[in-house]
$ cat final.txt   # compact mmCIF, C-alpha atoms
# COMPACT_ATOMS: atom_id res chain seq x y z
CA MET A 216 8.12 -3.99 23.66
CA PRO A 217 7.21 -2.09 20.51
CA ALA A 218 3.76 -1.10 19.34
CA ILE A 219 3.68 -1.45 15.56
CA ILE A 220 1.04 -0.09 13.20
CA ALA A 221 0.46 -1.68 9.79
CA CYS A 222 -1.48 0.41 7.25
CA PHE A 223 -3.42 -1.45 4.57
CA LYS A 224 -5.93 -0.79 1.80
CA TRP A 225 -8.91 -2.80 0.54
CA VAL A 226 -8.58 -2.81 -3.26
CA VAL A 227 -10.06 -4.39 -6.36
CA ASP A 228 -8.69 -7.85 -7.10
CA GLU A 229 -7.31 -7.39 -10.61
CA ALA A 230 -7.83 -11.07 -11.38
CA TYR A 231 -11.57 -10.33 -11.76
CA VAL A 232 -11.22 -7.29 -14.04
CA ARG A 233 -12.27 -7.96 -17.62
CA ARG A 234 -11.43 -6.07 -20.81
CA MET A 235 -14.40 -5.25 -23.01
CA ALA A 236 -14.27 -5.06 -26.79
CA SER A 237 -14.33 -1.27 -26.62
CA GLY A 238 -11.15 -1.24 -24.56
CA GLU A 239 -12.95 -0.20 -21.37
CA LEU A 240 -12.48 -2.25 -18.22
CA ASP A 241 -15.40 -4.19 -16.79
CA PHE A 242 -15.57 -4.02 -12.96
CA SER A 243 -19.07 -5.45 -12.66
CA SER A 244 -17.97 -8.82 -11.28
CA VAL A 245 -14.89 -7.88 -9.28
CA ASP A 246 -13.96 -9.09 -5.83
CA TYR A 247 -11.74 -7.25 -3.36
CA LYS A 248 -8.59 -8.02 -1.35
CA ILE A 249 -5.92 -6.45 0.81
CA GLY A 250 -3.39 -4.95 -1.59
CA GLU A 251 -0.39 -7.13 -2.38
CA TYR A 252 2.11 -4.55 -1.05
CA ASP A 253 0.08 -4.04 2.11
CA ARG A 254 0.22 -7.76 2.85
CA ASN A 255 3.98 -7.36 3.12
CA ALA A 256 3.47 -4.47 5.56
CA ILE A 257 1.16 -6.55 7.75
CA GLU A 258 3.47 -9.56 7.64
CA GLU A 259 6.50 -7.50 8.67
CA ALA A 260 4.61 -5.92 11.56
CA VAL A 261 3.51 -9.34 12.80
CA ARG A 262 7.01 -10.81 12.43
CA LEU A 263 8.52 -7.99 14.47
CA LYS A 264 5.84 -8.48 17.12
CA GLU A 265 6.53 -12.22 17.26
CA THR A 266 10.28 -11.57 17.62
CA LEU A 267 10.29 -8.61 19.99
CA GLY A 268 6.92 -8.87 21.72
CA GLY A 269 4.57 -5.93 21.85
CA SER A 270 1.57 -5.55 19.59
CA ALA A 271 0.60 -5.18 15.93
CA ILE A 272 -2.30 -2.90 15.03
CA GLY A 273 -3.88 -2.90 11.58
CA ILE A 274 -5.42 0.35 10.34
CA THR A 275 -7.35 1.13 7.18
CA VAL A 276 -9.48 3.87 5.63
CA SER A 277 -12.22 2.44 3.45
CA VAL A 278 -15.93 1.99 2.77
CA PRO A 279 -18.15 0.20 5.33
CA GLU A 280 -18.30 -2.89 3.11
CA ALA A 281 -14.56 -3.51 3.70
CA THR A 282 -15.13 -5.40 6.96
CA LYS A 283 -13.89 -8.54 5.21
CA GLY A 284 -10.53 -6.83 4.72
CA VAL A 285 -10.34 -5.94 8.41
CA LYS A 286 -10.97 -9.56 9.34
CA ASP A 287 -8.34 -10.66 6.83
CA ALA A 288 -5.76 -8.37 8.45
CA LEU A 289 -6.61 -9.79 11.88
CA SER A 290 -6.33 -13.34 10.58
CA ARG A 291 -2.83 -12.51 9.33
CA GLY A 292 -1.66 -11.83 12.88
CA CYS A 293 -2.68 -8.30 13.86
CA ASP A 294 -3.82 -8.12 17.49
CA GLN A 295 -6.44 -5.47 16.84
CA ALA A 296 -7.68 -3.22 14.06
CA CYS A 297 -8.78 0.35 13.55
CA PHE A 298 -11.43 0.63 10.83
CA ILE A 299 -12.09 4.18 9.57
CA ALA A 300 -15.17 3.79 7.41
CA ASP A 301 -17.50 5.91 5.33
CA SER A 302 -19.25 5.45 1.99
CA SER A 303 -17.34 8.48 0.65
CA PHE A 304 -13.94 6.94 1.41
CA GLY A 305 -13.89 4.69 -1.65
CA ASN A 306 -11.95 7.07 -3.88
CA LEU A 307 -9.75 9.21 -1.66
CA GLU A 308 -6.59 10.95 -2.78
CA PRO A 309 -3.33 9.98 -1.01
CA SER A 310 -3.26 13.37 0.74
CA GLN A 311 -6.73 12.77 2.17
CA THR A 312 -5.93 9.21 3.26
CA ALA A 313 -2.74 10.37 4.98
CA ALA A 314 -4.61 13.17 6.76
CA ILE A 315 -7.26 10.76 8.09
CA LEU A 316 -4.66 8.23 9.23
CA ALA A 317 -2.59 10.92 10.94
CA GLU A 318 -5.60 12.27 12.83
CA VAL A 319 -6.71 8.84 14.05
CA ILE A 320 -3.20 7.69 15.00
CA HIS A 321 -2.56 10.94 16.85
CA SER A 322 -5.90 11.05 18.69
CA ARG A 323 -6.83 7.39 19.17
CA ILE A 324 -3.67 5.28 19.16
CA GLN A 325 -1.29 7.98 20.40
CA SER A 326 1.58 5.74 21.54
CA PHE A 327 3.45 3.73 18.89
CA ASP A 328 7.01 2.88 17.89
CA LEU A 329 6.81 2.04 14.21
CA ILE A 330 4.39 2.47 11.30
CA ILE A 331 4.76 0.14 8.32
CA CYS A 332 3.18 0.88 4.93
CA GLY A 333 3.44 -0.94 1.64
CA GLU A 334 5.60 0.54 -1.09
CA GLY A 335 2.39 1.68 -2.82
CA SER A 336 -1.23 0.66 -3.15
CA SER A 337 -2.21 -2.02 -5.65
CA ASP A 338 -4.62 0.34 -7.40
CA LEU A 339 -3.23 3.90 -7.54
CA TYR A 340 0.38 3.04 -6.68
CA ALA A 341 1.03 6.73 -5.95
CA GLN A 342 3.60 5.92 -3.23
CA GLN A 343 2.54 9.04 -1.32
CA VAL A 344 0.54 7.93 1.72
CA GLY A 345 3.55 6.74 3.75
CA PRO A 346 5.74 9.85 3.31
CA ARG A 347 2.77 12.19 3.75
CA LEU A 348 1.71 10.39 6.92
CA SER A 349 5.19 10.64 8.45
CA GLU A 350 5.30 14.35 7.64
CA LYS A 351 1.97 14.99 9.37
CA LEU A 352 3.06 13.01 12.43
CA GLY A 353 6.50 14.64 12.49
CA ILE A 354 8.46 11.38 12.49
CA PRO A 355 11.32 10.05 10.32
CA SER A 356 10.41 8.22 7.11
CA VAL A 357 12.45 5.54 5.32
CA SER A 358 11.17 4.30 1.95
CA PHE A 359 11.88 1.28 -0.27
CA VAL A 360 12.97 -0.87 2.69
CA GLN A 361 13.89 -4.49 1.96
CA LYS A 362 15.10 -5.42 5.45
CA LEU A 363 14.51 -3.89 8.87
CA SER A 364 15.04 -4.49 12.55
CA ILE A 365 14.69 -2.68 15.87
CA GLU A 366 17.84 -2.67 17.98
CA GLY A 367 18.74 -0.55 20.97
CA GLY A 368 15.60 1.52 20.62
CA LYS A 369 16.47 2.46 17.03
CA LEU A 370 15.25 1.45 13.60
CA LEU A 371 17.84 -0.19 11.36
CA ALA A 372 16.78 -0.45 7.72
CA GLU A 373 18.26 -1.51 4.40
CA ARG A 374 16.68 0.39 1.53
CA ARG A 375 17.14 -0.22 -2.16
CA VAL A 376 18.31 2.77 -4.19
CA GLU A 377 19.55 3.10 -7.77
CA GLU A 378 23.18 2.94 -6.70
CA GLY A 379 22.74 -0.17 -4.54
CA ILE A 380 21.74 -0.77 -0.91
CA GLU A 381 21.64 2.02 1.65
CA VAL A 382 21.76 1.22 5.40
CA ILE A 383 19.96 3.73 7.62
CA ALA A 384 19.48 4.13 11.36
CA ALA A 385 16.61 6.27 12.61
CA PRO A 386 15.18 7.10 16.03
CA LEU A 387 11.78 5.77 17.03
CA PRO A 388 8.96 6.39 16.44
CA ALA A 389 9.45 6.15 12.69
CA LEU A 390 7.67 5.10 9.50
CA VAL A 391 8.85 2.76 6.75
CA THR A 392 7.48 1.75 3.38
CA VAL A 393 8.49 -1.79 2.49
CA LEU A 394 9.28 -3.53 -0.78
CA PRO A 395 7.58 -6.81 -1.74
CA ASP A 396 10.79 -8.83 -1.32
CA ILE A 397 11.07 -8.00 2.40
CA ASN A 398 9.06 -11.15 3.21
CA VAL A 399 6.57 -13.73 1.99
CA PRO A 400 3.14 -13.02 3.53
CA ARG A 401 1.59 -15.92 5.41
CA ILE A 402 -1.62 -17.58 4.29
CA PRO A 403 -4.14 -17.59 7.15
CA GLY A 404 -5.46 -20.98 8.21
CA VAL A 405 -8.94 -21.88 9.41
CA LYS A 406 -7.94 -21.37 13.05
CA ASP A 407 -6.50 -17.93 12.24
CA THR A 408 -9.73 -16.90 10.53
CA LEU A 409 -11.85 -18.08 13.47
CA MET A 410 -9.62 -16.29 15.99
CA ALA A 411 -9.83 -13.07 13.96
CA SER A 412 -13.52 -12.75 14.82
CA LYS A 413 -12.65 -12.51 18.53
CA LYS A 414 -10.08 -9.73 18.19
CA PRO A 415 -11.05 -6.10 18.97
CA VAL A 416 -11.95 -3.69 16.17
CA VAL A 417 -12.38 0.04 16.72
CA THR A 418 -14.68 1.55 14.09
CA ILE A 419 -14.46 5.29 13.45
CA LYS A 420 -16.99 7.16 11.33
CA LYS A 421 -16.55 10.25 9.19
CA ASP A 422 -18.47 12.53 11.56
CA GLU A 423 -15.89 11.78 14.27
CA LEU A 424 -13.12 13.26 12.11
CA GLN A 425 -12.09 16.73 11.06
CA PRO A 426 -13.76 17.86 7.80
CA LEU A 427 -11.93 16.79 4.65
CA GLY A 428 -11.27 19.09 1.72
CA GLU A 429 -12.74 18.28 -1.67
CA ALA A 430 -10.76 15.87 -3.84
CA CYS A 431 -8.73 17.58 -6.56
CA LEU A 432 -8.41 14.55 -8.80
CA GLN A 433 -11.23 12.86 -10.66
CA THR A 434 -11.11 9.62 -12.67
CA LEU A 435 -13.09 10.06 -15.88
CA SER A 436 -12.39 6.68 -17.44
CA ILE A 437 -10.04 3.71 -17.33
CA THR A 438 -8.95 2.03 -20.55
CA ALA A 439 -7.08 -1.25 -20.82
CA SER A 440 -3.57 -1.13 -22.23
CA ARG A 441 -2.98 -2.73 -25.60
CA ILE A 442 0.14 -4.23 -27.14
CA GLU A 443 0.54 -4.42 -30.90
CA ARG A 444 3.61 -6.10 -32.34
CA THR A 445 4.94 -5.28 -35.81
CA CYS A 446 7.74 -7.86 -35.58
CA GLU A 447 9.99 -5.53 -37.57
CA ARG A 448 13.63 -6.53 -37.56
CA PHE A 449 16.60 -4.21 -37.77
CA GLY A 450 20.37 -4.44 -37.66
CA THR A 451 22.92 -2.71 -35.45
CA ASN A 452 24.60 -0.45 -38.00
CA ALA A 453 23.75 3.24 -38.34
CA ALA A 454 21.72 2.81 -41.54
CA GLU A 455 19.49 0.13 -40.01
CA ILE A 456 18.92 2.13 -36.84
CA SER A 457 18.06 5.21 -38.89
CA ARG A 458 15.60 3.21 -40.99
CA PHE A 459 13.94 1.75 -37.90
CA VAL A 460 13.60 5.17 -36.25
CA GLY A 461 12.03 6.45 -39.47
CA SER A 462 9.42 3.68 -39.39
CA LEU A 463 8.56 4.50 -35.78
CA ARG A 464 8.01 8.12 -36.75
CA LYS A 465 5.73 7.12 -39.62
CA THR A 466 3.53 5.09 -37.31
CA GLY A 467 3.42 7.91 -34.74
CA VAL A 468 5.19 6.00 -31.96
CA ILE A 469 7.79 8.77 -31.70
CA ARG A 470 8.00 12.26 -33.13
$ encode --input "final.txt" --output "structure tokens"
Amino acid sequence: MPAIIACFKWVVDEAYVRRMASGELDFSSVDYKIGEYDRNAIEEAVRLKETLGGSAIGITVSVPEATKGVKDALSRGCDQACFIADSSFGNLEPSQTAAILAEVIHSRIQSFDLIICGEGSSDLYAQQVGPRLSEKLGIPSVSFVQKLSIEGGKLLAERRVEEGIEVIAAPLPALVTVLPDINVPRIPGVKDTLMASKKPVVTIKKDELQPLGEACLQTLSITASRIERTCERFGTNAAEISRFVGSLRKTGVIR
């Protein structure tokens, strides 16, 4: 029976972000949630567990205040959770997150068959943590998976590529990053939420880990996008296209 790890991230709920008159984003009243893509990862891990037996373990790297996210993951069907928490973990780079996850999985969990990550996080959407984690653990990685199964001790996955659908078989243990259309995440009920409080959570602090290098990226500001429509019409002949391109150059849209 497989042991499946689902990685997830506690992120800002974009529904609470407001745009100020200056164009800056207002985060003063935001709430948080498990990222949309990570909900698919958790759901797929739980579905495989329900079909094949075994266990589903949720794991996250976040700030200590993210305990609500850990409970949410448990209410969605994970049997236990690994909570790697420190106040400095709120703005990690993907390389740092992958390094922390790899260390904890290697030293604490040790035995596993499959790791499932979302396609990308709901905030950075760098799509790097999954592939970096598989590299550090020395296991196969399959990205953009829209359907997967475990048969005969192997991973069978359908991944979406530009040319169509690619079917891949890989030995276990392995890691996959899943697309949102792989499933529809369940909505936890009251009983699920109550049961989540009784499930085991292993909390790991920063001083129990290897020292992290300094972050190389720094966010200076975040500005809301803006759409301005000119409603300019143009025809399909060469003269109309040339005129339209000229107007775009005048407004600085293209050069």
$ residues_near_point --input "final.txt" --point "(-4.0, 8.7, 5.6)" --cutoff "12 Å" --atoms "only C-alpha atoms" --output "NGL selection string"
:A and (222-224 or 274-277 or 299 or 304 or 307-321 or 330 or 332 or 342-352 or 427)
$ residues_around --input "final.txt" --residues "Gln295 in chain A" --least-positions-apart "2" --cutoff "12 Å" --atoms "all atoms listed in the file" --output "PyMOL selection string"
chain A and resi 218-221+257+261+270-275+285-293+297-298+324+410-418
$ atom_distance --input "final.txt" --atom1 "CA of Leu390 in chain A" --atom2 "CA of Asp328 in chain A"
8.7 Å
$ atom_distance --input "final.txt" --atom1 "CA of Leu370 in chain A" --atom2 "CA of Ala341 in chain A"
24.7 Å
$ atom_distance --input "final.txt" --atom1 "CA of Gly268 in chain A" --atom2 "CA of Glu366 in chain A"
13.1 Å
$ residues_around --input "final.txt" --residues "range 240-255 of chain A" --least-positions-apart "4" --cutoff "9 Å" --atoms "all atoms listed in the file" --output "mmCIF file with C-alpha atoms, in the coordinates of the input"
data_model
loop_
_atom_site.group_PDB
_atom_site.id
_atom_site.type_symbol
_atom_site.label_atom_id
_atom_site.label_comp_id
_atom_site.auth_asym_id
_atom_site.auth_seq_id
_atom_site.Cartn_x
_atom_site.Cartn_y
_atom_site.Cartn_z
ATOM 1 C CA ALA A 221 0.460 -1.680 9.790
ATOM 2 C CA CYS A 222 -1.480 0.410 7.250
ATOM 3 C CA PHE A 223 -3.420 -1.450 4.570
ATOM 4 C CA LYS A 224 -5.930 -0.790 1.800
ATOM 5 C CA TRP A 225 -8.910 -2.800 0.540
ATOM 6 C CA VAL A 226 -8.580 -2.810 -3.260
ATOM 7 C CA VAL A 227 -10.060 -4.390 -6.360
ATOM 8 C CA ASP A 228 -8.690 -7.850 -7.100
ATOM 9 C CA GLU A 229 -7.310 -7.390 -10.610
ATOM 10 C CA ALA A 230 -7.830 -11.070 -11.380
ATOM 11 C CA TYR A 231 -11.570 -10.330 -11.760
ATOM 12 C CA VAL A 232 -11.220 -7.290 -14.040
ATOM 13 C CA ARG A 233 -12.270 -7.960 -17.620
ATOM 14 C CA ARG A 234 -11.430 -6.070 -20.810
ATOM 15 C CA MET A 235 -14.400 -5.250 -23.010
ATOM 16 C CA GLU A 259 6.500 -7.500 8.670
ATOM 17 C CA ALA A 260 4.610 -5.920 11.560
ATOM 18 C CA ALA A 281 -14.560 -3.510 3.700
ATOM 19 C CA LYS A 283 -13.890 -8.540 5.210
ATOM 20 C CA GLY A 284 -10.530 -6.830 4.720
ATOM 21 C CA VAL A 285 -10.340 -5.940 8.410
ATOM 22 C CA ASP A 287 -8.340 -10.660 6.830
ATOM 23 C CA ALA A 288 -5.760 -8.370 8.450
ATOM 24 C CA ARG A 291 -2.830 -12.510 9.330
ATOM 25 C CA ILE A 331 4.760 0.140 8.320
ATOM 26 C CA CYS A 332 3.180 0.880 4.930
ATOM 27 C CA GLY A 333 3.440 -0.940 1.640
ATOM 28 C CA GLU A 334 5.600 0.540 -1.090
ATOM 29 C CA GLY A 335 2.390 1.680 -2.820
ATOM 30 C CA SER A 336 -1.230 0.660 -3.150
ATOM 31 C CA SER A 337 -2.210 -2.020 -5.650
ATOM 32 C CA ASP A 338 -4.620 0.340 -7.400
ATOM 33 C CA VAL A 393 8.490 -1.790 2.490
ATOM 34 C CA LEU A 394 9.280 -3.530 -0.780
ATOM 35 C CA PRO A 395 7.580 -6.810 -1.740
ATOM 36 C CA ASP A 396 10.790 -8.830 -1.320
ATOM 37 C CA ILE A 397 11.070 -8.000 2.400
ATOM 38 C CA ASN A 398 9.060 -11.150 3.210
ATOM 39 C CA VAL A 399 6.570 -13.730 1.990
ATOM 40 C CA PRO A 400 3.140 -13.020 3.530
ATOM 41 C CA ARG A 401 1.590 -15.920 5.410
ATOM 42 C CA SER A 436 -12.390 6.680 -17.440
ATOM 43 C CA ILE A 437 -10.040 3.710 -17.330
ATOM 44 C CA THR A 438 -8.950 2.030 -20.550
ATOM 45 C CA ALA A 439 -7.080 -1.250 -20.820
#
$ closest_residue --input "final.txt" --among "A:Pro388, A:Gly461, A:Gly379, A:Pro279" --to "Gln325 in chain A" --atoms "all atoms listed in the file"
A:Pro388
$ residues_around --input "final.txt" --residues "range 441-451 of chain A" --least-positions-apart "3" --cutoff "12 Å" --atoms "only C-alpha atoms" --output "NGL selection string"
:A and (234-239 or 438 or 454-463 or 466 or 468)
$ closest_residue --input "final.txt" --among "A:Tyr340, A:Ala389, A:Ser326, A:Cys431" --to "Ser356 in chain A" --atoms "all atoms listed in the file"
A:Ala389
$ decode --input "final.txt" --residues "range 275-324 of chain A" --atoms "C-alpha atoms" --output "PDB file, in the first residue's frame"
ATOM      1  CA  THR A 275       4.021  22.443   4.170  1.00  0.00           C
ATOM      2  CA  VAL A 276       6.684  25.080   4.821  1.00  0.00           C
ATOM      3  CA  SER A 277       5.195  28.242   6.252  1.00  0.00           C
ATOM      4  CA  VAL A 278       4.947  30.701   9.134  1.00  0.00           C
ATOM      5  CA  PRO A 279       3.703  29.535  12.567  1.00  0.00           C
ATOM      6  CA  GLU A 280       0.355  31.271  11.993  1.00  0.00           C
ATOM      7  CA  ALA A 281      -0.464  28.789   9.191  1.00  0.00           C
ATOM      8  CA  THR A 282      -1.845  26.159  11.586  1.00  0.00           C
ATOM      9  CA  LYS A 283      -5.283  26.765  10.076  1.00  0.00           C
ATOM     10  CA  GLY A 284      -3.926  25.579   6.730  1.00  0.00           C
ATOM     11  CA  VAL A 285      -2.554  22.398   8.306  1.00  0.00           C
ATOM     12  CA  LYS A 286      -5.960  21.658   9.814  1.00  0.00           C
ATOM     13  CA  ASP A 287      -7.591  22.350   6.450  1.00  0.00           C
ATOM     14  CA  ALA A 288      -5.314  19.808   4.756  1.00  0.00           C
ATOM     15  CA  LEU A 289      -6.179  17.221   7.403  1.00  0.00           C
ATOM     16  CA  SER A 290      -9.883  17.911   6.995  1.00  0.00           C
ATOM     17  CA  ARG A 291      -9.511  17.224   3.271  1.00  0.00           C
ATOM     18  CA  GLY A 292      -8.449  13.647   3.973  1.00  0.00           C
ATOM     19  CA  CYS A 293      -4.747  13.610   4.854  1.00  0.00           C
ATOM     20  CA  ASP A 294      -3.985  11.121   7.633  1.00  0.00           C
ATOM     21  CA  GLN A 295      -1.246  13.234   9.171  1.00  0.00           C
ATOM     22  CA  ALA A 296       0.685  16.421   8.517  1.00  0.00           C
ATOM     23  CA  CYS A 297       4.235  17.692   8.712  1.00  0.00           C
ATOM     24  CA  PHE A 298       4.344  21.406   9.556  1.00  0.00           C
ATOM     25  CA  ILE A 299       7.728  23.090   8.993  1.00  0.00           C
ATOM     26  CA  ALA A 300       7.296  26.496  10.580  1.00  0.00           C
ATOM     27  CA  ASP A 301       9.288  29.636  11.232  1.00  0.00           C
ATOM     28  CA  SER A 302       8.511  33.350  11.097  1.00  0.00           C
ATOM     29  CA  SER A 303      11.177  33.741   8.379  1.00  0.00           C
ATOM     30  CA  PHE A 304       9.492  31.215   6.070  1.00  0.00           C
ATOM     31  CA  GLY A 305       6.848  33.628   4.792  1.00  0.00           C
ATOM     32  CA  ASN A 306       8.745  34.711   1.692  1.00  0.00           C
ATOM     33  CA  LEU A 307      10.986  31.838   0.646  1.00  0.00           C
ATOM     34  CA  GLU A 308      12.302  31.292  -2.852  1.00  0.00           C
ATOM     35  CA  PRO A 309      11.335  28.031  -4.605  1.00  0.00           C
ATOM     36  CA  SER A 310      14.911  26.757  -4.254  1.00  0.00           C
ATOM     37  CA  GLN A 311      14.785  27.284  -0.485  1.00  0.00           C
ATOM     38  CA  THR A 312      11.362  25.671  -0.134  1.00  0.00           C
ATOM     39  CA  ALA A 313      12.492  22.641  -2.142  1.00  0.00           C
ATOM     40  CA  ALA A 314      15.643  22.304  -0.030  1.00  0.00           C
ATOM     41  CA  ILE A 315      13.648  22.359   3.225  1.00  0.00           C
ATOM     42  CA  LEU A 316      11.099  19.852   1.933  1.00  0.00           C
ATOM     43  CA  ALA A 317      13.831  17.527   0.668  1.00  0.00           C
ATOM     44  CA  GLU A 318      15.654  17.577   4.003  1.00  0.00           C
ATOM     45  CA  VAL A 319      12.527  16.845   6.031  1.00  0.00           C
ATOM     46  CA  ILE A 320      11.244  14.139   3.677  1.00  0.00           C
ATOM     47  CA  HIS A 321      14.655  12.473   3.618  1.00  0.00           C
ATOM     48  CA  SER A 322      15.274  12.643   7.378  1.00  0.00           C
ATOM     49  CA  ARG A 323      11.798  12.437   8.920  1.00  0.00           C
ATOM     50  CA  ILE A 324       9.465  10.650   6.513  1.00  0.00           C
TER      51      ILE A 324
END
